[in-house]
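Student: Quick one: the structure is below, and I'll ask about it shortly.
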Amino acid sequence: MKLRRATRSDLPAILDLHNDAVKTLAAIWTDKLDTLQDREDWFESRMKDGFPVIVAEAGNGEFLGYGSYGPFREKSGYDKTMEHSVYITPDARGQGAGSALLEELVRLAREDRYHVLVGAIDSENKGSIRLHERFGFKVTGELPQVGFKFGRWLDLTLMTLILNSDQAPAAHMHDD
């Protein structure tokens, strides 16, 4: 398996995986399927803002999944905190691609001097919670019934990893 930066040519596979997750998993809390244009807009935004989109592929080049991170919240006080996502194709789950992608996102976030990574995980997704725990993430919040899909309420587990011991940025006021 190898990891690499995503390119525009990966977007159809990323779109298929995203839409499969929308249809079959409680991981993406929407019923709206994306179009290729939606994924292109997302990708262009990530590239413009300097956020990674990483692809895992098998030795034969088969697409196994992708991961990315971006802003946790909009206000400037959150600028050092990123929220990440990792999605693996159904056939590749449990074979190490998720671990490899998460490890790479943690490495990149440290390299980019972010302070915290946040995972927002459907509370029933015990596999993802265990994966995050293996990488040092801690459960730092449980939000009951904050979402809904498939005709039921969904709970959200927030997991965080403090990436470094940096001091907080200096205090200063500016327009958000």
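We label chains A, B, ... in the order they appear in the structure tokens, count residues from 1 in each chain, and number ligands from 1 in the order shown.
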Would you give me, as CSV, each residue of region 4-87 of chain A having an atom within 9 Å of an atom of region 107-116 of chain A, along with its shortest atom pair and that distance in Å to one decimal, using only C-alpha atoms and sorting by chain and residue number?

Tutor:
```
residue,atom,partner,partner_atom,distance
A:Pro52,CA,A:Leu108,CA,8.0
A:Tyr69,CA,A:Ala109,CA,8.4
A:Asp79,CA,A:Tyr114,CA,8.0
A:Lys80,CA,A:Tyr114,CA,4.7
A:Thr81,CA,A:Val116,CA,4.8
A:Met82,CA,A:Val116,CA,6.4
A:Glu83,CA,A:Val116,CA,8.5
```

Student: For those residues, write N, CA and C atoms to a file as a CSV table (one decimal), in the first residue's frame.

Tutor:
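Saved as selection.csv:
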```csv
chain,number,residue,atom,x,y,z
A,52,PRO,N,-4.3,19.2,3.2
A,52,PRO,CA,-4.0,17.9,2.5
A,52,PRO,C,-5.2,17.1,2.1
A,69,TYR,N,-7.9,17.0,6.2
A,69,TYR,CA,-8.3,17.8,7.3
A,69,TYR,C,-8.5,19.2,6.8
A,79,ASP,N,-7.9,28.7,14.8
A,79,ASP,CA,-7.0,28.5,13.6
A,79,ASP,C,-6.0,27.4,13.8
A,80,LYS,N,-5.7,27.0,15.0
A,80,LYS,CA,-4.7,26.0,15.3
A,80,LYS,C,-5.3,24.6,15.5
A,81,THR,N,-6.6,24.5,15.3
A,81,THR,CA,-7.4,23.2,15.4
A,81,THR,C,-8.0,22.8,14.1
A,82,MET,N,-7.7,21.6,13.7
A,82,MET,CA,-8.2,21.0,12.5
A,82,MET,C,-9.1,19.8,12.8
A,83,GLU,N,-10.1,19.6,11.9
A,83,GLU,CA,-11.0,18.4,12.0
A,83,GLU,C,-10.7,17.6,10.8
```

Student: So that I can check the surroundings of region 151-163 of chain A, please list as a PyMOL selection string every protein, DNA and RNA residue that reaches within 9 Å of it, counting only C-alpha atoms and ignoring chain neighbours fewer than 6 positions away.

Tutor: chain A and resi 26+29+106-107+109-110+113-124+129+132-133+135-145

Student: Residues within 6 Å of region 85-87 of chain A, please, as a list of chain:residue names. Count only C-alpha atoms; anything in the same chain fewer than 6 positions from it doesn't count.

Tutor: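 Final neighbour list, sorted by chain and number: A:Gly65, A:Tyr66, A:Gly67, A:Ser68.
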
Student: Nearest residue to Asp20 (chain A) out of A:Arg134, A:Leu101, A:Ile88, A:Asp49, using only C-alpha atoms?

Tutor: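 Result for the nearest residue to Asp20 (chain A): A:Ile88.
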
Student: Give me the residues near region 3-14 of chain A as a CSV table (one decimal) with N, CA, C and O atoms, in the first residue's frame, where near means some atom within 8 Å (using only C-alpha atoms) and where sequence neighbours in that chain fewer than 6 positions away do not count.

Tutor:
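File written: selection_26.csv
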```csv
chain,number,residue,atom,x,y,z
A,36,LEU,N,-19.9,15.4,-9.1
A,36,LEU,CA,-18.5,15.6,-9.3
A,36,LEU,C,-18.1,17.0,-9.1
A,36,LEU,O,-17.0,17.3,-8.6
A,39,ARG,N,-17.5,17.7,-5.4
A,39,ARG,CA,-16.2,17.2,-5.0
A,39,ARG,C,-15.0,18.0,-5.6
A,39,ARG,O,-14.0,18.2,-4.9
A,40,GLU,N,-15.2,18.5,-6.8
A,40,GLU,CA,-14.1,19.4,-7.4
A,40,GLU,C,-14.0,20.7,-6.6
A,40,GLU,O,-12.9,21.1,-6.3
A,43,PHE,N,-12.3,19.9,-3.3
A,43,PHE,CA,-10.9,19.7,-3.6
A,43,PHE,C,-10.1,21.0,-3.8
A,43,PHE,O,-9.1,21.2,-3.3
A,52,PRO,N,-4.3,19.2,3.2
A,52,PRO,CA,-4.0,17.9,2.5
A,52,PRO,C,-5.2,17.1,2.1
A,52,PRO,O,-6.2,17.1,2.9
A,53,VAL,N,-5.1,16.5,1.0
A,53,VAL,CA,-6.0,15.4,0.7
A,53,VAL,C,-5.1,14.2,0.3
A,53,VAL,O,-4.4,14.4,-0.7
A,54,ILE,N,-5.2,13.1,1.0
A,54,ILE,CA,-4.2,12.0,0.9
A,54,ILE,C,-5.0,10.8,0.4
A,54,ILE,O,-6.1,10.5,0.9
A,55,VAL,N,-4.5,10.1,-0.5
A,55,VAL,CA,-5.1,8.9,-1.1
A,55,VAL,C,-4.2,7.7,-0.7
A,55,VAL,O,-3.0,7.7,-0.7
A,56,ALA,N,-4.9,6.6,-0.3
A,56,ALA,CA,-4.3,5.3,-0.1
A,56,ALA,C,-4.6,4.4,-1.3
A,56,ALA,O,-5.7,4.4,-1.7
A,57,GLU,N,-3.5,3.8,-1.8
A,57,GLU,CA,-3.8,2.9,-2.9
A,57,GLU,C,-3.0,1.6,-2.7
A,57,GLU,O,-2.0,1.6,-2.1
A,63,PHE,N,-7.6,2.2,-5.7
A,63,PHE,CA,-8.0,3.2,-4.8
A,63,PHE,C,-8.6,2.5,-3.5
A,63,PHE,O,-9.5,1.7,-3.6
A,65,GLY,N,-8.9,4.4,-0.3
A,65,GLY,CA,-9.6,5.4,0.5
A,65,GLY,C,-8.8,6.7,0.5
A,65,GLY,O,-7.8,6.9,-0.2
A,66,TYR,N,-9.3,7.7,1.3
A,66,TYR,CA,-8.7,9.0,1.3
A,66,TYR,C,-8.9,9.6,2.7
A,66,TYR,O,-9.8,9.2,3.5
A,100,ALA,N,-3.0,3.9,8.2
A,100,ALA,CA,-2.0,4.6,7.4
A,100,ALA,C,-2.4,6.0,7.1
A,100,ALA,O,-1.6,7.0,7.3
A,101,LEU,N,-3.6,6.2,6.7
A,101,LEU,CA,-4.1,7.6,6.4
A,101,LEU,C,-4.1,8.5,7.7
A,101,LEU,O,-3.7,9.6,7.6
```

Student: Residues within 10 Å of Leu33 (chain A), please, as a ChimeraX atom specification. Count only C-alpha atoms; anything in the same chain fewer than 6 positions from it doesn't count.

Tutor: /A:15-16,18-23

Student: Could you tell me how far CA of Ser76 (chain A) lies from CA of Val146 (chain A), in Å and to one decimal?

Tutor: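 Between these atoms lies a distance of 24.6 Å.
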
Student: Pull the strand (DSSP E) assignments for chain A out of DSSP run on the backbone, and list those residues as an NGL selection string.

Tutor: :A and (2-5 or 53-57 or 63-71 or 81-88 or 116-122 or 138-149 or 152-162)
